[in-house]
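Single-structure report; data block below.
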Amino acid sequence: MDKKTTKNNIIMKKIIVLITLFVSLSACKNDQKTTLVTTENSNLAVYKGEFIFTEGAAVLKGTDFIYGVVVDDKMKELADKVAPAKKDVYDMVPVIVTGTLAPGPQDIETWDEFLTIIDIVQVSAKPAKADVKIKEGDAVKKSEKAIKKVEEK
């Protein structure tokens with residue numbers, strides 16, 4: 001090998017190392033700002049989900065769970081904190097809470113497990129995006145059309 005080929009190989013190796021370094025550093029970039037919130041009850045399980053409270057019933061829905069929430073003073077405090085974020089009575093608001101789970105009563109049909117909220121860690125300022133949004137007017141119009149079709153036959 002001559003000196004020119006060796007020099008080209010060294011330059012190519014440096015370029016490859018620089019590209020690899022650049023790609024690996026840019027892949028590790030994390031723009032999310034995470035703040036760790038600790039509470040006096042940090043040894044409890046943390047639950048992250050969407051909370052709703054209507055007509056005496058409360059529910060926390062996570063990505064892989066749905067729990068009934070025990071209606072007590074802490075749950076009512078959470079409902080008060082969630083209220084400003086709600087645009088509609090059925091809006092669910094993302095929250096993070098700590099608490100304990102207990103099995104639901106077996107003699108009546110209800111949630112399998114109930115969450116007793118111990119601490120409120122975080123409440124979102126905006127409601128969660130609805131999976132399905134049904135407008136009252138649209139539902140009435142569709143049902144009226146269906147009734148007319150049945151009456152015409």
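Residue names in the structure tokens use chain letters A, B, ... in the order shown, residue numbers from 1 in each chain, and ligand numbers from 1 in the order shown.
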
Can you tell me, as number ranges by chain, what residues are no more than 12 Å from segment 100-105 of chain A when counting only C-alpha atoms, ignoring any on the same chain fewer than 5 positions away? A: 41, 43-47, 60, 65-70, 110-119

With DSSP run on the backbone, what are the alpha helix (DSSP H) residues within segment 35-127 of chain A? I'd like them as a PyMOL selection string. chain A and resi 73-82

So how many Å separate atom CA of Tyr90 of chain A and atom CA of Ile108 of chain A, to one decimal? 24.9 Å

Test item, strand (DSSP E) assignment across segment 53-90 of chain A, answer as an MDAnalysis selection string: chainID A and resid 53:54 57:61 66:69

Would you kindly return, as an NGL selection string, each protein, DNA or RNA residue with an atom no farther than 10 Å from any atom of Val95 of chain A, considering only C-alpha atoms and excluding same-chain residues fewer than 6 positions away? :A and (47-51 or 60-62 or 78 or 81-82 or 120-125 or 127-128)

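Here atom CA of Gly56 of chain A and atom CA of Asp88 of chain A stand 16.7 Å from one another.
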
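For the pair atom CA of Glu55 of chain A and atom CA of Asp80 of chain A, the interatomic distance is 14.0 Å.
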